[in-house]
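The structure under discussion appears below in the form of structure tokens.
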Amino acid sequence: MGQNVVLAGRKAGVQRLLNLGSSCMYPRGQEEPLREEQVLSGALEPTNEGYAIAKCAVARLCEYVTREDPQLQYKTVIPCNLYGRFDKFEPSVSHMVPAIIRKLYLARKDGERIVEIWGDGTARREFMLAEDLADAIFFAIERFDDMPSLLNMGVGTDYTVDEYYSIAAEVIGYNGEFRHDLSKPVGMKRKLLDVTRQKAFGWGPRTSLRDGIRATYEYYLSMEA
């Protein structure tokens, strides 16, 4: 789908195109902040390899288009993990933050004293409120000529899985205990974006993790009402 959009845009003479990538484009096993030049520099995380390959291919295609015709400026934003209103909360399709919110809400509602966490809780993840990414996209569009061809968009800070559970528990009012299931997969140990280029570009997120989880929880409650 992404390749079709890029190719159709080129054929139609679209001068500027902003492509959305994903942090899964980066190679696995990297514990330092992920820099844009590391894309396609190593093996991808097997659990989402197909999705990652597709994202890498479209980003590289954008670079090829611009290289062949500099009048066509096709650039890629690589956001970190996202969460927020209109997220998916069902366990079969949800990502980490909405899954935690639903799990802790139900645990509080049902009086469960123990909530299970996959893995040992030390894996680190970076999550940004989706509304902040929307702000970043508008910022990039308004300053498109100054934007690098490949640009991370993130918070610049990561937290452990345990910390996400702890903050969400405080917001939701869950006072039970947590237990780690060490038999469950945890994926990459760390996935933090390097935001050096982002800071030089002049953009930064506005929402703290606690405020973002609170806004997302309020949305979830409105859906449950």
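Ordering of the structure tokens sets the chain letters (A, B, ...); residue numbers start at 1 within each chain; ligands are numbered from 1 in the order shown.
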
Using only C-alpha atoms, tabulate the residues of segment 168-223 of chain A lying at most 12 Å from any atom of segment 139-158 of chain A, each with its closest atom pair and that distance in Å to one decimal, by chain and increasing residue number, as JSON lines.
{"residue": "A:Lys189", "atom": "CA", "partner": "A:Asp158", "partner_atom": "CA", "distance": 11.4}
{"residue": "A:Arg190", "atom": "CA", "partner": "A:Asp158", "partner_atom": "CA", "distance": 8.4}
{"residue": "A:Lys191", "atom": "CA", "partner": "A:Asp158", "partner_atom": "CA", "distance": 8.1}
{"residue": "A:Leu192", "atom": "CA", "partner": "A:Asp158", "partner_atom": "CA", "distance": 6.3}
{"residue": "A:Leu193", "atom": "CA", "partner": "A:Gly154", "partner_atom": "CA", "distance": 6.3}
{"residue": "A:Asp194", "atom": "CA", "partner": "A:Gly156", "partner_atom": "CA", "distance": 6.6}
{"residue": "A:Val195", "atom": "CA", "partner": "A:Gly156", "partner_atom": "CA", "distance": 5.8}
{"residue": "A:Thr196", "atom": "CA", "partner": "A:Asn152", "partner_atom": "CA", "distance": 8.6}
{"residue": "A:Arg197", "atom": "CA", "partner": "A:Leu151", "partner_atom": "CA", "distance": 6.7}
{"residue": "A:Gln198", "atom": "CA", "partner": "A:Met153", "partner_atom": "CA", "distance": 6.3}
{"residue": "A:Lys199", "atom": "CA", "partner": "A:Met153", "partner_atom": "CA", "distance": 9.4}
{"residue": "A:Ala200", "atom": "CA", "partner": "A:Met147", "partner_atom": "CA", "distance": 9.7}
{"residue": "A:Phe201", "atom": "CA", "partner": "A:Met147", "partner_atom": "CA", "distance": 6.7}
{"residue": "A:Gly202", "atom": "CA", "partner": "A:Phe139", "partner_atom": "CA", "distance": 9.0}
{"residue": "A:Trp203", "atom": "CA", "partner": "A:Phe139", "partner_atom": "CA", "distance": 7.4}
{"residue": "A:Gly204", "atom": "CA", "partner": "A:Val155", "partner_atom": "CA", "distance": 7.3}
{"residue": "A:Pro205", "atom": "CA", "partner": "A:Val155", "partner_atom": "CA", "distance": 6.2}
{"residue": "A:Arg206", "atom": "CA", "partner": "A:Val155", "partner_atom": "CA", "distance": 9.1}
{"residue": "A:Thr207", "atom": "CA", "partner": "A:Val155", "partner_atom": "CA", "distance": 9.2}
{"residue": "A:Ser208", "atom": "CA", "partner": "A:Val155", "partner_atom": "CA", "distance": 9.1}
{"residue": "A:Leu209", "atom": "CA", "partner": "A:Val155", "partner_atom": "CA", "distance": 9.4}

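You can rank A:Leu106, A:Val58, A:Ile213, A:Ala43 by their closest distance to Ser22 of chain A using only C-alpha atoms, and at the top of that list sits A:Val58.
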
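Proximity to Leu20 of chain A at 8 Å, evaluated using only C-alpha atoms and with sequence-adjacent residues fewer than 6 positions away removed, yields A:Thr76, A:Val77, A:Ile78, A:Pro79.
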
Those residues you just picked out, can you put them in a file as a PDB file, in the first residue's frame with N, CA and C atoms?
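Written file, again.pdb:
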ATOM      1  N   THR A  76      10.597  10.968   5.137  1.00  0.00           N
ATOM      2  CA  THR A  76      10.020   9.974   6.057  1.00  0.00           C
ATOM      3  C   THR A  76      10.214  10.384   7.509  1.00  0.00           C
ATOM      4  N   VAL A  77       9.127  10.344   8.255  1.00  0.00           N
ATOM      5  CA  VAL A  77       9.150  10.507   9.708  1.00  0.00           C
ATOM      6  C   VAL A  77       9.103   9.119  10.341  1.00  0.00           C
ATOM      7  N   ILE A  78       9.974   8.879  11.315  1.00  0.00           N
ATOM      8  CA  ILE A  78       9.974   7.604  12.040  1.00  0.00           C
ATOM      9  C   ILE A  78       9.513   7.863  13.471  1.00  0.00           C
ATOM     10  N   PRO A  79       8.239   7.630  13.778  1.00  0.00           N
ATOM     11  CA  PRO A  79       7.768   7.859  15.147  1.00  0.00           C
ATOM     12  C   PRO A  79       8.096   6.680  16.062  1.00  0.00           C
TER      13      PRO A  79
END

>> At a cut-off of 10 Å, using only C-alpha atoms, what residues contact segment 66-71 of chain A? Leave out same-chain residues fewer than 3 positions from it and give the result as a count of residues only.
In response: 11

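You will find atom CA of Ser41 of chain A at 6.6 Å from atom CA of Pro27 of chain A.
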
> Which residues come within 7 Å of Cys56 of chain A, counting only C-alpha atoms, excluding same-chain residues fewer than 4 positions away, as a PyMOL selection string?
Replying inline: chain A and resi 25+52+60

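Residues surrounding Gly176 of chain A within 12 Å are Leu104, Tyr105, Leu106, Ala107, Arg108, Lys109, Asp110, Gly111, Glu112, Arg113, Ile114, Val115, Glu116, Tyr165, Ser166, Ala169, Glu170, Ile172, Gly173, Tyr174, Phe178 and Arg179 of chain A [only C-alpha atoms; sequence separation below 2 positions excluded].
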
For the selection just defined, write its residues with N, CA and C atoms to a file, as a CSV table (one decimal), in the first residue's frame.
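Below is the file that was written, part26.csv:
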chain,number,residue,atom,x,y,z
A,104,LEU,N,-5.6,-3.2,33.9
A,104,LEU,CA,-5.6,-2.7,35.3
A,104,LEU,C,-7.0,-2.2,35.6
A,105,TYR,N,-7.7,-1.7,34.6
A,105,TYR,CA,-9.1,-1.3,34.8
A,105,TYR,C,-10.0,-2.5,35.2
A,106,LEU,N,-9.8,-3.6,34.5
A,106,LEU,CA,-10.6,-4.8,34.8
A,106,LEU,C,-10.2,-5.3,36.2
A,107,ALA,N,-8.9,-5.3,36.5
A,107,ALA,CA,-8.4,-5.8,37.7
A,107,ALA,C,-9.0,-5.0,38.9
A,108,ARG,N,-9.0,-3.7,38.8
A,108,ARG,CA,-9.6,-2.9,39.8
A,108,ARG,C,-11.1,-3.1,39.9
A,109,LYS,N,-11.8,-3.2,38.8
A,109,LYS,CA,-13.2,-3.4,38.7
A,109,LYS,C,-13.6,-4.8,39.4
A,110,ASP,N,-12.8,-5.8,39.1
A,110,ASP,CA,-13.2,-7.1,39.6
A,110,ASP,C,-12.5,-7.5,40.9
A,111,GLY,N,-11.8,-6.6,41.4
A,111,GLY,CA,-11.1,-6.8,42.7
A,111,GLY,C,-10.0,-7.8,42.7
A,112,GLU,N,-9.3,-7.9,41.6
A,112,GLU,CA,-8.2,-8.8,41.5
A,112,GLU,C,-7.0,-8.2,42.2
A,113,ARG,N,-6.3,-9.1,43.0
A,113,ARG,CA,-5.2,-8.6,43.8
A,113,ARG,C,-3.9,-8.8,43.1
A,114,ILE,N,-3.8,-9.5,42.1
A,114,ILE,CA,-2.5,-9.8,41.4
A,114,ILE,C,-2.8,-9.6,39.9
A,115,VAL,N,-1.9,-8.8,39.2
A,115,VAL,CA,-1.9,-8.6,37.8
A,115,VAL,C,-0.6,-9.2,37.2
A,116,GLU,N,-0.7,-9.9,36.2
A,116,GLU,CA,0.5,-10.6,35.6
A,116,GLU,C,1.2,-9.7,34.5
A,165,TYR,N,3.4,0.0,34.1
A,165,TYR,CA,2.4,-0.5,34.9
A,165,TYR,C,2.2,0.3,36.2
A,166,SER,N,3.3,0.7,36.8
A,166,SER,CA,3.2,1.5,38.0
A,166,SER,C,2.5,2.9,37.8
A,169,ALA,N,-1.2,2.2,37.0
A,169,ALA,CA,-1.9,1.8,38.3
A,169,ALA,C,-2.2,3.1,39.1
A,170,GLU,N,-1.3,4.0,39.2
A,170,GLU,CA,-1.6,5.2,40.0
A,170,GLU,C,-2.7,6.0,39.3
A,172,ILE,N,-5.2,4.9,37.4
A,172,ILE,CA,-6.4,4.1,37.4
A,172,ILE,C,-6.9,3.9,38.8
A,173,GLY,N,-6.0,3.9,39.8
A,173,GLY,CA,-6.3,3.6,41.2
A,173,GLY,C,-6.3,2.2,41.5
A,174,TYR,N,-5.4,1.4,40.8
A,174,TYR,CA,-5.3,0.0,41.2
A,174,TYR,C,-4.2,-0.2,42.2
A,178,PHE,N,1.9,-7.0,41.5
A,178,PHE,CA,2.3,-7.4,40.1
A,178,PHE,C,3.1,-8.7,40.2
A,179,ARG,N,2.9,-9.6,39.3
A,179,ARG,CA,3.7,-10.8,39.2
A,179,ARG,C,4.2,-11.0,37.8

From a DSSP pass on the backbone, collect the residues of segment 73-157 of chain A flagged as strand (DSSP E) and hand them back as a CSV table (one decimal) with C-alpha atoms, in the first residue's frame.
chain,number,residue,atom,x,y,z
A,73,GLN,CA,10.9,15.9,-2.1
A,74,TYR,CA,9.7,12.6,-0.5
A,75,LYS,CA,10.6,12.4,3.2
A,76,THR,CA,10.0,10.0,6.1
A,77,VAL,CA,9.1,10.5,9.7
A,78,ILE,CA,10.0,7.6,12.0
A,79,PRO,CA,7.8,7.9,15.1
A,81,ASN,CA,5.6,3.7,19.7
A,82,LEU,CA,2.2,5.5,20.0
A,83,TYR,CA,-0.9,5.3,22.2
A,114,ILE,CA,-2.5,-9.8,41.4
A,115,VAL,CA,-1.9,-8.6,37.8
A,116,GLU,CA,0.5,-10.6,35.6
A,117,ILE,CA,3.3,-8.9,33.6
A,118,TRP,CA,5.0,-10.6,30.7
A,124,ARG,CA,12.5,-0.5,28.1
A,125,ARG,CA,10.0,1.2,25.7
A,127,PHE,CA,5.8,5.7,23.9
A,128,MET,CA,4.4,9.0,22.7
A,129,LEU,CA,0.8,10.3,22.7
A,150,LEU,CA,14.7,10.8,7.4
A,151,LEU,CA,13.7,12.0,10.9
A,152,ASN,CA,12.9,10.3,14.2
A,153,MET,CA,10.0,11.7,16.1

Neighbours of Met188 of chain A within 8 Å (only C-alpha atoms; same-chain residues fewer than 6 positions away dropped), as an mmCIF file with all heavy atoms, in the first residue's frame?
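After the write, out.cif holds the following:
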data_model
loop_
_atom_site.group_PDB
_atom_site.id
_atom_site.type_symbol
_atom_site.label_atom_id
_atom_site.label_comp_id
_atom_site.auth_asym_id
_atom_site.auth_seq_id
_atom_site.Cartn_x
_atom_site.Cartn_y
_atom_site.Cartn_z
ATOM 1 N N ARG A 28 17.477 -5.148 15.438
ATOM 2 C CA ARG A 28 17.298 -5.645 16.805
ATOM 3 C C ARG A 28 18.620 -5.589 17.572
ATOM 4 O O ARG A 28 19.709 -5.461 17.002
ATOM 5 C CB ARG A 28 16.803 -7.087 16.771
ATOM 6 C CG ARG A 28 17.815 -8.051 16.160
ATOM 7 C CD ARG A 28 17.299 -9.468 16.130
ATOM 8 N NE ARG A 28 16.892 -9.949 17.434
ATOM 9 C CZ ARG A 28 16.572 -11.199 17.718
ATOM 10 N NH1 ARG A 28 16.605 -12.115 16.751
ATOM 11 N NH2 ARG A 28 16.211 -11.570 18.917
ATOM 12 N N GLY A 29 18.506 -5.674 18.895
ATOM 13 C CA GLY A 29 19.684 -5.809 19.745
ATOM 14 C C GLY A 29 20.466 -4.535 19.972
ATOM 15 O O GLY A 29 21.578 -4.582 20.496
ATOM 16 N N GLU A 45 13.887 -7.308 14.155
ATOM 17 C CA GLU A 45 13.231 -8.111 15.185
ATOM 18 C C GLU A 45 12.282 -9.116 14.517
ATOM 19 O O GLU A 45 11.375 -8.721 13.759
ATOM 20 C CB GLU A 45 12.453 -7.196 16.135
ATOM 21 C CG GLU A 45 11.518 -7.900 17.084
ATOM 22 C CD GLU A 45 12.215 -8.875 18.027
ATOM 23 O OE1 GLU A 45 13.372 -8.616 18.407
ATOM 24 O OE2 GLU A 45 11.587 -9.894 18.375
ATOM 25 N N ALA A 123 12.440 -4.662 30.359
ATOM 26 C CA ALA A 123 12.533 -4.169 28.983
ATOM 27 C C ALA A 123 12.072 -2.721 28.937
ATOM 28 O O ALA A 123 11.111 -2.334 29.614
ATOM 29 C CB ALA A 123 11.677 -5.027 28.060
#

>> Taking only chain A into account, list the residues labelled alpha helix (DSSP H) by DSSP (computed from the backbone), as a PyMOL selection string.
In response: chain A and resi 2-11+49-68+96-110+130-142+161-172+196-201+209-224

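Distances from A:Lys55, A:Arg85, A:Leu34, A:Gly2 to Ser222 of chain A were compared using only C-alpha atoms, and the smallest one belongs to A:Arg85.
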
> To one decimal place, how far is atom CA of Ala130 of chain A from atom CA of Gly9 of chain A in Å?
Replying inline: 25.6 Å

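Relative to atom CA of Ile53 of chain A, atom CA of Val5 of chain A is found at 16.6 Å.
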
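Proximity to Arg210 of chain A was assessed for A:Phe89, A:Phe138, A:Tyr64, A:Tyr164 counting only C-alpha atoms; the smallest distance is recorded for A:Tyr164.
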